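Below is the file final-v7.cif, which contains mmCIF, C-alpha atoms and all ligand atoms.
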```cif
data_coords
loop_
_atom_site.label_atom_id
_atom_site.label_comp_id
_atom_site.auth_asym_id
_atom_site.auth_seq_id
_atom_site.Cartn_x
_atom_site.Cartn_y
_atom_site.Cartn_z
CA MET A 3 -18.96 -14.10 -7.01
CA SER A 4 -20.72 -12.95 -3.88
CA ILE A 5 -19.53 -11.44 -0.63
CA ALA A 6 -21.04 -14.43 1.19
CA GLU A 7 -18.93 -16.82 -0.89
CA ALA A 8 -15.81 -14.70 -0.32
CA ALA A 9 -16.48 -14.64 3.42
CA ARG A 10 -16.93 -18.41 3.51
CA LEU A 11 -13.58 -18.88 1.74
CA ILE A 12 -11.86 -16.60 4.23
CA LEU A 13 -13.41 -18.29 7.26
CA GLU A 14 -12.07 -21.60 5.88
CA GLY A 15 -8.57 -20.10 5.86
CA GLY A 16 -8.55 -19.22 2.15
CA LEU A 17 -7.49 -16.00 0.44
CA VAL A 18 -9.60 -13.49 -1.47
CA ALA A 19 -8.33 -10.41 -3.27
CA PHE A 20 -10.52 -7.41 -2.51
CA PRO A 21 -10.66 -3.77 -3.61
CA THR A 22 -9.90 -0.91 -1.28
CA GLU A 23 -9.82 2.80 -2.08
CA THR A 24 -5.99 2.64 -2.11
CA VAL A 25 -4.96 -0.59 -3.88
CA TYR A 26 -6.29 -4.17 -4.06
CA GLY A 27 -5.53 -6.25 -0.98
CA LEU A 28 -4.90 -9.99 -0.60
CA GLY A 29 -7.29 -10.78 2.24
CA GLY A 30 -7.15 -13.57 4.78
CA ASP A 31 -8.35 -14.10 8.35
CA ALA A 32 -5.90 -12.06 10.44
CA THR A 33 -6.58 -14.27 13.48
CA ASN A 34 -5.69 -17.51 11.66
CA GLU A 35 -1.94 -18.28 11.60
CA ARG A 36 -2.35 -20.66 8.66
CA ALA A 37 -4.26 -18.15 6.57
CA VAL A 38 -1.62 -15.54 7.30
CA ALA A 39 1.14 -17.99 6.35
CA ALA A 40 -0.69 -18.58 3.06
CA ILE A 41 -0.64 -14.82 2.37
CA PHE A 42 3.15 -14.66 2.80
CA GLU A 43 3.47 -17.74 0.61
CA ALA A 44 1.25 -16.38 -2.20
CA LYS A 45 3.11 -13.06 -2.25
CA GLY A 46 6.59 -14.53 -1.92
CA ARG A 47 6.92 -12.02 0.91
CA PRO A 48 9.69 -12.12 3.52
CA GLN A 49 8.16 -13.06 6.89
CA PHE A 50 9.87 -10.19 8.70
CA ASN A 51 7.54 -7.75 6.92
CA PRO A 52 4.30 -7.44 8.94
CA LEU A 53 0.76 -7.10 7.57
CA ILE A 54 -1.98 -4.51 8.11
CA SER A 55 -5.16 -5.68 9.87
CA HIS A 56 -8.26 -4.18 8.26
CA VAL A 57 -11.22 -3.33 10.48
CA LEU A 58 -14.55 -1.53 10.13
CA ASP A 59 -13.94 1.24 12.63
CA ALA A 60 -12.14 2.49 15.73
CA GLY A 61 -14.36 0.39 17.99
CA GLU A 62 -13.02 -2.79 16.39
CA ALA A 63 -9.44 -1.52 16.36
CA ARG A 64 -9.59 -1.07 20.14
CA ARG A 65 -9.89 -4.84 20.57
CA LEU A 66 -6.64 -5.39 18.69
CA VAL A 67 -4.39 -2.56 19.90
CA ARG A 68 -3.88 -0.24 22.85
CA TRP A 69 -5.80 2.71 21.47
CA ASN A 70 -5.00 6.26 22.55
CA ASP A 71 -6.21 9.82 22.19
CA THR A 72 -4.05 10.59 19.14
CA ALA A 73 -5.42 7.52 17.40
CA ASP A 74 -8.91 8.68 18.29
CA ARG A 75 -8.46 12.09 16.71
CA LEU A 76 -6.84 10.64 13.59
CA ALA A 77 -9.53 7.98 13.15
CA ALA A 78 -12.25 10.61 13.55
CA ARG A 79 -10.73 12.60 10.70
CA PHE A 80 -9.38 9.88 8.35
CA TRP A 81 -11.35 6.65 8.89
CA PRO A 82 -12.59 5.03 6.87
CA GLY A 83 -9.71 6.02 4.62
CA PRO A 84 -6.05 5.71 3.58
CA LEU A 85 -4.36 5.98 6.98
CA THR A 86 -2.80 3.01 8.81
CA LEU A 87 -1.97 3.37 12.51
CA VAL A 88 0.74 1.35 14.26
CA LEU A 89 -0.09 0.82 17.95
CA PRO A 90 0.94 -1.58 20.74
CA ARG A 91 -0.71 -4.99 20.59
CA THR A 92 -3.16 -5.65 23.43
CA LYS A 93 -2.32 -8.59 25.70
CA ASP A 94 -5.22 -10.65 24.41
CA SER A 95 -5.07 -9.34 20.83
CA PRO A 96 -6.46 -12.08 18.54
CA ILE A 97 -4.16 -11.08 15.66
CA ALA A 98 -1.94 -13.95 14.49
CA LEU A 99 1.67 -13.57 15.62
CA LEU A 100 2.89 -14.18 12.09
CA ALA A 101 0.82 -11.21 10.86
CA THR A 102 2.92 -8.86 12.96
CA ALA A 103 6.19 -10.64 12.23
CA GLY A 104 6.91 -11.01 15.94
CA LEU A 105 6.63 -7.26 16.65
CA ASP A 106 4.70 -6.11 19.72
CA THR A 107 2.76 -3.65 17.58
CA VAL A 108 -0.15 -4.05 15.15
CA ALA A 109 -0.92 -1.90 12.11
CA VAL A 110 -4.67 -1.19 11.79
CA ARG A 111 -6.70 0.49 9.08
CA ALA A 112 -10.39 0.96 8.23
CA PRO A 113 -10.69 0.95 4.42
CA ALA A 114 -13.27 3.17 2.70
CA HIS A 115 -14.28 0.89 -0.19
CA PRO A 116 -17.84 -0.50 0.21
CA LEU A 117 -16.79 -4.00 -0.97
CA ALA A 118 -13.94 -4.11 1.55
CA GLN A 119 -16.33 -3.04 4.29
CA ALA A 120 -18.95 -5.59 3.23
CA LEU A 121 -16.32 -8.34 3.32
CA ILE A 122 -15.03 -7.39 6.78
CA ARG A 123 -18.63 -7.22 8.04
CA ALA A 124 -19.43 -10.64 6.57
CA VAL A 125 -16.39 -12.39 8.08
CA ASP A 126 -16.86 -10.46 11.33
CA ARG A 127 -13.16 -10.47 12.16
CA PRO A 128 -10.08 -8.47 11.13
CA LEU A 129 -8.76 -9.06 7.64
CA ALA A 130 -5.01 -9.25 7.04
CA GLY A 131 -4.40 -7.56 3.73
CA PRO A 132 -1.14 -6.71 2.05
CA SER A 133 -1.29 -5.33 -1.47
CA ALA A 134 -2.34 -8.16 -3.82
CA ASN A 135 0.88 -8.43 -5.83
CA ARG A 136 4.01 -10.58 -5.73
CA SER A 137 6.44 -9.11 -3.22
CA GLY A 138 8.50 -6.27 -4.70
CA ALA A 139 6.21 -5.71 -7.69
CA VAL A 140 3.96 -2.75 -8.51
CA SER A 141 0.76 -2.71 -6.40
CA PRO A 142 -2.52 -3.55 -8.18
CA THR A 143 -5.07 -0.78 -8.71
CA ARG A 144 -7.41 -2.88 -10.90
CA ALA A 145 -8.73 -6.42 -10.62
CA GLU A 146 -6.83 -7.40 -13.83
CA HIS A 147 -3.54 -6.41 -12.18
CA VAL A 148 -4.17 -8.91 -9.37
CA ALA A 149 -4.66 -11.77 -11.83
CA ALA A 150 -1.57 -10.69 -13.79
CA SER A 151 0.63 -10.63 -10.67
CA LEU A 152 -0.73 -13.51 -8.56
CA GLY A 153 -2.37 -15.77 -11.18
CA ASP A 154 -3.58 -19.06 -9.67
CA ARG A 155 -2.23 -18.15 -6.26
CA VAL A 156 -5.52 -16.39 -5.49
CA LYS A 157 -8.80 -18.25 -5.91
CA MET A 158 -11.14 -15.30 -5.95
CA VAL A 159 -10.84 -11.62 -6.87
CA LEU A 160 -13.67 -9.26 -5.94
CA ASP A 161 -13.80 -6.69 -8.74
CA GLY A 162 -14.51 -3.18 -7.51
CA GLY A 163 -13.17 -1.34 -10.55
CA PRO A 164 -10.16 1.01 -10.49
CA CYS A 165 -8.99 2.21 -7.04
CA ALA A 166 -9.87 5.85 -6.42
CA VAL A 167 -6.71 6.79 -4.46
CA GLY A 168 -4.30 4.50 -6.30
CA LEU A 169 -1.46 4.66 -3.74
CA GLU A 170 -1.16 2.61 -0.57
CA SER A 171 -2.22 4.03 2.78
CA THR A 172 0.00 6.29 4.82
CA VAL A 173 1.59 4.27 7.67
CA LEU A 174 1.97 6.27 10.88
CA ASP A 175 3.70 4.88 13.97
CA LEU A 176 1.97 6.07 17.14
CA THR A 177 4.29 4.20 19.51
CA THR A 178 7.03 6.84 19.30
CA ALA A 179 7.07 10.01 21.45
CA VAL A 180 6.37 12.01 18.31
CA PRO A 181 4.25 10.10 15.75
CA THR A 182 6.50 8.87 12.94
CA LEU A 183 5.63 8.60 9.26
CA LEU A 184 6.82 5.14 8.20
CA ARG A 185 5.34 5.24 4.70
CA PRO A 186 3.90 8.28 2.92
CA GLY A 187 0.60 7.44 1.24
CA GLY A 188 -2.96 8.45 0.51
CA ALA A 189 -3.36 10.62 3.62
CA THR A 190 -1.00 13.58 3.26
CA ARG A 191 1.49 14.70 5.85
CA GLU A 192 -0.08 18.17 5.78
CA ALA A 193 -3.57 16.81 6.51
CA ILE A 194 -2.25 14.65 9.38
CA GLU A 195 -0.30 17.55 10.89
CA ALA A 196 -3.41 19.71 10.72
CA VAL A 197 -5.01 17.29 13.19
CA ILE A 198 -2.16 16.29 15.55
CA GLY A 199 0.64 18.80 14.93
CA PRO A 200 4.17 18.05 13.70
CA ILE A 201 5.13 14.45 12.96
CA ALA A 202 8.57 12.93 12.45
CA LEU A 203 9.71 11.47 9.15
CA SER A 204 11.22 8.01 9.33
CA ASP A 205 14.81 8.08 8.04
CA ALA A 206 13.57 5.66 5.39
CA ILE A 207 11.69 8.42 3.65
CA PRO A 208 14.28 10.81 2.25
CA SER A 209 16.97 8.21 1.61
CA GLY A 210 14.93 5.19 0.55
CA GLU A 211 17.07 3.05 2.86
CA SER A 212 15.48 0.27 4.87
CA THR A 213 15.22 0.67 8.63
CA ARG A 214 14.55 -1.72 11.45
CA LYS A 215 11.45 0.20 12.46
CA SER A 216 9.64 -0.18 9.16
CA PRO A 217 10.58 -3.55 7.78
CA GLY A 218 8.54 -3.07 4.63
CA GLN A 219 10.54 -0.10 3.51
CA LEU A 220 12.96 -1.98 1.30
CA ALA A 221 14.72 0.38 -1.09
CA SER A 222 13.78 -1.52 -4.21
CA HIS A 223 10.04 -2.02 -4.32
CA TYR A 224 7.29 -1.46 -6.86
CA ALA A 225 9.94 -2.37 -9.41
CA PRO A 226 9.06 -2.47 -13.11
CA ALA A 227 11.29 -4.69 -15.27
CA ARG A 228 12.66 -1.67 -17.16
CA PRO A 229 15.19 0.84 -15.82
CA MET A 230 13.78 4.20 -14.78
CA ARG A 231 15.05 7.77 -15.17
CA LEU A 232 13.51 10.27 -12.75
CA GLY A 233 13.25 14.06 -12.98
CA ALA A 234 13.22 13.91 -16.79
CA THR A 235 12.68 17.21 -18.62
CA THR A 236 13.60 15.73 -21.99
CA ALA A 237 12.77 12.37 -23.57
CA ALA A 238 14.82 10.02 -25.75
CA ARG A 239 13.61 7.75 -28.57
CA GLU A 240 13.97 4.49 -26.65
CA GLU A 241 12.08 5.88 -23.68
CA GLY A 242 8.47 5.66 -22.57
CA LEU A 243 7.65 8.97 -20.92
CA LEU A 244 5.53 9.25 -17.79
CA ALA A 245 4.54 12.90 -18.01
CA PHE A 246 3.02 15.30 -15.50
CA GLY A 247 1.41 18.64 -16.26
CA PRO A 248 0.75 20.54 -19.47
CA ASP A 249 4.32 21.06 -20.78
CA VAL A 250 5.49 17.72 -22.10
CA PRO A 251 8.77 17.25 -23.99
CA ALA A 252 8.52 15.46 -27.35
CA GLY A 253 10.62 12.53 -28.55
CA ALA A 254 9.55 9.52 -26.49
CA VAL A 255 8.28 6.39 -28.23
CA VAL A 256 5.15 6.48 -26.02
CA THR A 257 3.93 9.17 -23.62
CA LEU A 258 1.36 8.72 -20.86
CA ASN A 259 0.38 11.73 -18.77
CA LEU A 260 -0.31 11.21 -15.06
CA SER A 261 -2.28 14.44 -15.02
CA PRO A 262 -2.25 16.95 -17.90
CA SER A 263 -3.63 19.59 -15.55
CA GLY A 264 -0.97 18.88 -12.89
CA ASP A 265 -3.41 17.49 -10.32
CA LEU A 266 -1.62 15.28 -7.75
CA ALA A 267 -4.72 13.24 -6.79
CA GLU A 268 -5.29 12.35 -10.44
CA ALA A 269 -1.59 11.52 -10.82
CA ALA A 270 -1.68 9.22 -7.76
CA ALA A 271 -4.72 7.38 -9.10
CA ASN A 272 -2.98 6.80 -12.46
CA LEU A 273 0.55 6.07 -11.23
CA PHE A 274 0.67 2.26 -10.93
CA ALA A 275 -1.53 1.51 -13.96
CA MET A 276 0.60 3.83 -16.15
CA LEU A 277 3.88 2.39 -14.80
CA ARG A 278 2.60 -1.05 -15.80
CA ALA A 279 1.49 0.20 -19.21
CA LEU A 280 4.99 1.60 -19.89
CA ASP A 281 6.75 -1.52 -18.65
CA GLN A 282 6.35 -3.23 -22.04
CA PRO A 283 8.49 -4.59 -24.89
CA GLY A 284 9.53 -1.82 -27.29
CA ILE A 285 10.34 0.52 -24.41
CA GLY A 286 13.97 0.54 -23.27
CA ARG A 287 13.61 2.79 -20.25
CA ILE A 288 10.87 4.65 -18.40
CA ALA A 289 11.50 8.39 -18.02
CA VAL A 290 9.45 10.28 -15.45
CA MET A 291 8.93 14.02 -15.31
CA PRO A 292 9.45 15.84 -11.98
CA ILE A 293 6.55 15.70 -9.49
CA PRO A 294 6.22 18.41 -6.80
CA GLN A 295 7.16 17.18 -3.31
CA THR A 296 3.98 18.44 -1.59
CA GLY A 297 0.71 16.76 -0.61
CA LEU A 298 0.33 13.43 -2.41
CA GLY A 299 3.58 14.21 -4.24
CA LEU A 300 5.49 12.89 -1.19
CA ALA A 301 3.98 9.43 -1.67
CA ILE A 302 4.20 9.54 -5.47
CA ASN A 303 7.92 10.43 -5.34
CA ASP A 304 8.52 7.76 -2.68
CA ARG A 305 7.04 5.06 -4.95
CA LEU A 306 8.94 6.39 -7.98
CA ARG A 307 12.25 6.32 -6.07
CA ARG A 308 11.61 2.73 -5.04
CA ALA A 309 10.61 1.79 -8.59
CA ALA A 310 13.89 3.30 -9.80
CA ALA A 311 16.10 1.77 -7.09
CA ASP A 312 18.08 -1.21 -8.35
CA ASP A 313 19.11 -3.37 -5.43
CA GLY A 314 20.99 -5.77 -7.67
CA THR A 315 18.34 -8.50 -7.51
CA SER A 316 16.41 -9.39 -10.63
CA ARG A 317 13.54 -7.08 -11.45
CA ARG A 318 10.03 -8.47 -11.25
CA ARG A 319 6.53 -7.37 -11.92
O1 LIG A 401 -3.26 0.83 1.32
C1 LIG A 401 -2.74 -0.12 1.92
O2 LIG A 401 -2.15 0.02 2.98
C2 LIG A 401 -2.91 -1.52 1.28
C3 LIG A 401 -4.38 -1.89 1.28
C4 LIG A 401 -4.64 -3.29 0.79
O3 LIG A 401 -4.90 -1.69 2.57
N1 LIG A 401 -2.11 -2.48 1.99
C5 LIG A 401 -0.75 -2.48 1.92
O4 LIG A 401 -0.17 -3.48 2.66
O5 LIG A 401 -0.11 -1.69 1.28
P1 LIG A 401 1.37 -3.87 2.51
O6 LIG A 401 1.50 -5.15 3.30
O7 LIG A 401 1.73 -3.94 1.08
O8 LIG A 401 2.12 -2.74 3.26
C6 LIG A 401 2.00 -2.61 4.68
C7 LIG A 401 3.09 -1.73 5.21
C8 LIG A 401 4.45 -2.37 5.07
O9 LIG A 401 5.38 -1.36 4.72
C9 LIG A 401 4.72 -2.91 6.48
O10 LIG A 401 6.10 -3.00 6.78
C10 LIG A 401 4.03 -1.86 7.33
O11 LIG A 401 2.87 -1.53 6.62
N2 LIG A 401 3.65 -2.42 8.64
C11 LIG A 401 2.69 -3.35 8.91
N3 LIG A 401 2.65 -3.64 10.21
C12 LIG A 401 3.57 -2.88 10.82
C13 LIG A 401 4.00 -2.72 12.17
N4 LIG A 401 3.47 -3.42 13.17
N5 LIG A 401 5.00 -1.82 12.42
C14 LIG A 401 5.55 -1.11 11.40
N6 LIG A 401 5.19 -1.21 10.10
C15 LIG A 401 4.22 -2.08 9.81
MG MG A 402 2.76 -3.87 -0.80
#
```

File written out as structure tokens:
Amino acid sequence: MSIAEAARLILEGGLVAFPTETVYGLGGDATNERAVAAIFEAKGRPQFNPLISHVLDAGEARRLVRWNDTADRLAARFWPGPLTLVLPRTKDSPIALLATAGLDTVAVRAPAHPLAQALIRAVDRPLAGPSANRSGAVSPTRAEHVAASLGDRVKMVLDGGPCAVGLESTVLDLTTAVPTLLRPGGATREAIEAVIGPIALSDAIPSGESTRKSPGQLASHYAPARPMRLGATTAAREEGLLAFGPDVPAGAVVTLNLSPSGDLAEAAANLFAMLRALDQPGIGRIAVMPIPQTGLGLAINDRLRRAAADDGTSRRR
């Protein structure tokens, strides 16, 4: 399965799952309303939740959004990489209206994975790319996860191996007076603040509540089928334990350790694959040890809270 073949599919309005350094994306031509509609359809995603447009670099992003100096400094430091910038749409922005769910802003990101870059280069236009999973389910960090979640809904999956970062990109809104963190992710708050100074946290972040500003921040997201217990310092027999660090309580039926040495980058890279591995018959509940709320821990804890939130709808994977 070649890049040329993938590019041809996309230019015909088809969908191709592709690896990025964060998670696998479900790619389609961001300028083609029908392709974008097919993405929402394949994911079962509510159409009020806008998509990220993936580009090669800041030069391309400038054609889609009203770029500014803050964006310039952030792109210089983080692109290509796990930072998504929300900026005002330009008047003649070619991005499909459906991709931005009717908002007057566009989210742009330059992914660091060589296959993602090769695909964008080959199609020579922005690629709309939500995570390649059914809406509400755990994001895919390996090609097999895409097939397990989307099945026949995606014709082609480019296999780039396991994702190095393992958590989705950080989404930063640059349309507010003070830049606002809409979703913590692979670029840490500390690293961003080192470049542009203090940023605001969206009210979605501590509470897990949805807000109008960040439509994708539904409380229940990344939901495994099993109930979750966070902050666990003990483990019960019916539980699968997601451990962190060297001191692991005994007693769980299965234990997987995000990072025995307590390294947050390693934990982030393992998070979704291990959540999936524990979401199996024979395990009654998933217990998760405490994760420090610094650096990548902000994003890891955000995803764990969403995985644990039960919004009353049926749980999916
Ligand atoms: O790492 C990632 O970001 C991955 C890879 C494939 O790039 N993509 C990803 O896309 O996670 P998705 O669709 O699962 O999440 C995109 C997030 C959602 O929370 C969405 O609400 C937000 O970005 N978003 C997109 N456009 C926006 C906009 N114009 N304003 C505010 N939030 C936006
Ligand atoms: Mg997603």

- Interatomic distance between atom CA of A:Asn135 and atom CA of A:Ala118?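 Interatomic distance, atom CA of A:Asn135 to atom CA of A:Ala118: 17.1 Å.
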
Write out as AutoDock Vina command-line options an axis-aligned box for stretch 32-38 of chain A: all of its atoms listed in the file, 5 Å added on each side, centre and edge lengths in Å with one decimal.
```
--center_x -4.1 --center_y -16.4 --center_z 10.0 --size_x 15.0 --size_y 18.6 --size_z 16.9
```

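Among A:Ala101, A:Leu244, A:Ala179, A:Ala234, the residue with the shortest atom-to-atom distance to A:Asp281, counting only C-alpha atoms, is A:Leu244.
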
- Item | All residues having an atom within 8 Å of ligand MG 402 (chain A) (all atoms listed in the file) as a list of chain:residue names |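 Taking all atoms listed in the file into account, the residues around ligand MG 402 (chain A) at most 8 Å away are A:Pro132, A:Ser133, A:Ala134, A:Asn135, A:Ser137, A:Gly138, A:Ala139, A:Val140, A:Ser141, A:Glu170, A:Gly218, A:Tyr224.
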
For chain A against ligand LIG 401 (chain A), with a cut-off of 7 Å and counting all atoms listed in the file, what is the closest atom pair and its distance in Å to one decimal for every residue that makes the cut, ordered by chain and number, as a Markdown table?
```
| residue | atom | partner | partner_atom | distance |
| --- | --- | --- | --- | --- |
| A:Thr22 | CA | A:LIG401 | C4 | 6.1 |
| A:Thr24 | CA | A:LIG401 | O1 | 4.7 |
| A:Val25 | CA | A:LIG401 | C3 | 5.4 |
| A:Tyr26 | CA | A:LIG401 | C4 | 5.2 |
| A:Gly27 | CA | A:LIG401 | C4 | 3.6 |
| A:Leu28 | CA | A:LIG401 | C4 | 6.8 |
| A:Asn51 | CA | A:LIG401 | O10 | 5.0 |
| A:Pro52 | CA | A:LIG401 | N3 | 4.3 |
| A:Leu53 | CA | A:LIG401 | C11 | 4.4 |
| A:Ile54 | CA | A:LIG401 | C11 | 4.9 |
| A:Pro84 | CA | A:LIG401 | O1 | 6.1 |
| A:Thr86 | CA | A:LIG401 | O2 | 6.6 |
| A:Val88 | CA | A:LIG401 | N4 | 5.6 |
| A:Thr102 | CA | A:LIG401 | N4 | 5.5 |
| A:Leu105 | CA | A:LIG401 | N4 | 6.1 |
| A:Thr107 | CA | A:LIG401 | N4 | 4.5 |
| A:Val108 | CA | A:LIG401 | N4 | 4.2 |
| A:Ala109 | CA | A:LIG401 | N3 | 4.4 |
| A:Pro113 | CA | A:LIG401 | O3 | 6.6 |
| A:Gly131 | CA | A:LIG401 | C4 | 5.2 |
| A:Pro132 | CA | A:LIG401 | O6 | 3.3 |
| A:Ser133 | CA | A:LIG401 | O7 | 4.2 |
| A:Leu169 | CA | A:LIG401 | O1 | 6.6 |
| A:Glu170 | CA | A:LIG401 | O1 | 3.3 |
| A:Ser171 | CA | A:LIG401 | O1 | 3.7 |
| A:Thr172 | CA | A:LIG401 | O2 | 6.9 |
| A:Val173 | CA | A:LIG401 | O11 | 6.0 |
| A:Asp175 | CA | A:LIG401 | C14 | 6.8 |
| A:Leu184 | CA | A:LIG401 | N6 | 6.8 |
| A:Arg185 | CA | A:LIG401 | O9 | 6.6 |
| A:Lys215 | CA | A:LIG401 | C14 | 6.1 |
| A:Ser216 | CA | A:LIG401 | N6 | 4.7 |
| A:Pro217 | CA | A:LIG401 | O10 | 4.6 |
| A:Gly218 | CA | A:LIG401 | O10 | 3.3 |
| A:Gln219 | CA | A:LIG401 | O9 | 5.4 |
```

Kindly export the residues of the current selection with C-alpha atoms, as a short mmCIF file (atom, residue, chain, number, x, y, z; two decimals), keeping the file's coordinate frame.
```cif
data_model
loop_
_atom_site.label_atom_id
_atom_site.label_comp_id
_atom_site.auth_asym_id
_atom_site.auth_seq_id
_atom_site.Cartn_x
_atom_site.Cartn_y
_atom_site.Cartn_z
CA THR A 22 -9.90 -0.91 -1.28
CA THR A 24 -5.99 2.64 -2.11
CA VAL A 25 -4.96 -0.59 -3.88
CA TYR A 26 -6.29 -4.17 -4.06
CA GLY A 27 -5.53 -6.25 -0.98
CA LEU A 28 -4.90 -9.99 -0.60
CA ASN A 51 7.54 -7.75 6.92
CA PRO A 52 4.30 -7.44 8.94
CA LEU A 53 0.76 -7.10 7.57
CA ILE A 54 -1.98 -4.51 8.11
CA PRO A 84 -6.05 5.71 3.58
CA THR A 86 -2.80 3.01 8.81
CA VAL A 88 0.74 1.35 14.26
CA THR A 102 2.92 -8.86 12.96
CA LEU A 105 6.63 -7.26 16.65
CA THR A 107 2.76 -3.65 17.58
CA VAL A 108 -0.15 -4.05 15.15
CA ALA A 109 -0.92 -1.90 12.11
CA PRO A 113 -10.69 0.95 4.42
CA GLY A 131 -4.40 -7.56 3.73
CA PRO A 132 -1.14 -6.71 2.05
CA SER A 133 -1.29 -5.33 -1.47
CA LEU A 169 -1.46 4.66 -3.74
CA GLU A 170 -1.16 2.61 -0.57
CA SER A 171 -2.22 4.03 2.78
CA THR A 172 0.00 6.29 4.82
CA VAL A 173 1.59 4.27 7.67
CA ASP A 175 3.70 4.88 13.97
CA LEU A 184 6.82 5.14 8.20
CA ARG A 185 5.34 5.24 4.70
CA LYS A 215 11.45 0.20 12.46
CA SER A 216 9.64 -0.18 9.16
CA PRO A 217 10.58 -3.55 7.78
CA GLY A 218 8.54 -3.07 4.63
CA GLN A 219 10.54 -0.10 3.51
#
```

- Message: List as an MDAnalysis selection string the protein and nucleic acid residues near A:Ala166, meaning an atom at most 10 Å away when only C-alpha atoms are counted, but skip any in the same chain fewer than 4 places from it.
- Response: chainID A and resid 22:25 115 143 267:268 270:272

Show which residues sit within 9 Å of A:Ala6, as a PDB file with C-alpha atoms, keeping the file's coordinate frame. Count only C-alpha atoms, and ignore same-chain residues fewer than 4 positions away.
```pdb
ATOM      1  CA  ARG A  10     -16.930 -18.410   3.510  1.00  0.00           C
ATOM      2  CA  LEU A  11     -13.580 -18.880   1.740  1.00  0.00           C
ATOM      3  CA  LEU A 121     -16.320  -8.340   3.320  1.00  0.00           C
ATOM      4  CA  ALA A 124     -19.430 -10.640   6.570  1.00  0.00           C
ATOM      5  CA  VAL A 125     -16.390 -12.390   8.080  1.00  0.00           C
TER       6      VAL A 125
END
```

- Query: atom CA of A:Pro90 and atom CA of A:Pro186 are how many Å apart?
  - Reply: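 Between atom CA of A:Pro90 and atom CA of A:Pro186 the gap is 20.6 Å.
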
- Task: Just the residues within 10 Å of A:Asp265, please, counting all atoms listed in the file, with nothing from its chain fewer than 2 positions along; format it as a ChimeraX atom specification.
- Result: /A:246-247,260-263,267-270,298-299

Counting all atoms listed in the file, write as a PDB file with C-alpha atoms, in the frame of the given file all protein and nucleic acid residues lying at most 9 Å from (14.7, 11.5, -13.5) in the file's frame.
```
ATOM      1  CA  MET A 230      13.780   4.200 -14.780  1.00  0.00           C
ATOM      2  CA  ARG A 231      15.050   7.770 -15.170  1.00  0.00           C
ATOM      3  CA  LEU A 232      13.510  10.270 -12.750  1.00  0.00           C
ATOM      4  CA  GLY A 233      13.250  14.060 -12.980  1.00  0.00           C
ATOM      5  CA  ALA A 234      13.220  13.910 -16.790  1.00  0.00           C
ATOM      6  CA  THR A 235      12.680  17.210 -18.620  1.00  0.00           C
ATOM      7  CA  ALA A 289      11.500   8.390 -18.020  1.00  0.00           C
ATOM      8  CA  VAL A 290       9.450  10.280 -15.450  1.00  0.00           C
ATOM      9  CA  MET A 291       8.930  14.020 -15.310  1.00  0.00           C
ATOM     10  CA  PRO A 292       9.450  15.840 -11.980  1.00  0.00           C
TER      11      PRO A 292
END
```

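Using only C-alpha atoms, the contacts of stretch 31-36 of chain A at a cut-off of 8 Å, with sequence neighbours closer than 5 positions omitted, comprise Ile12, Leu13, Gly15, Ser55, Pro96, Ile97, Ala98, Leu99, Leu100, Ala101, Arg127, Pro128, Leu129 and Ala130 of chain A.
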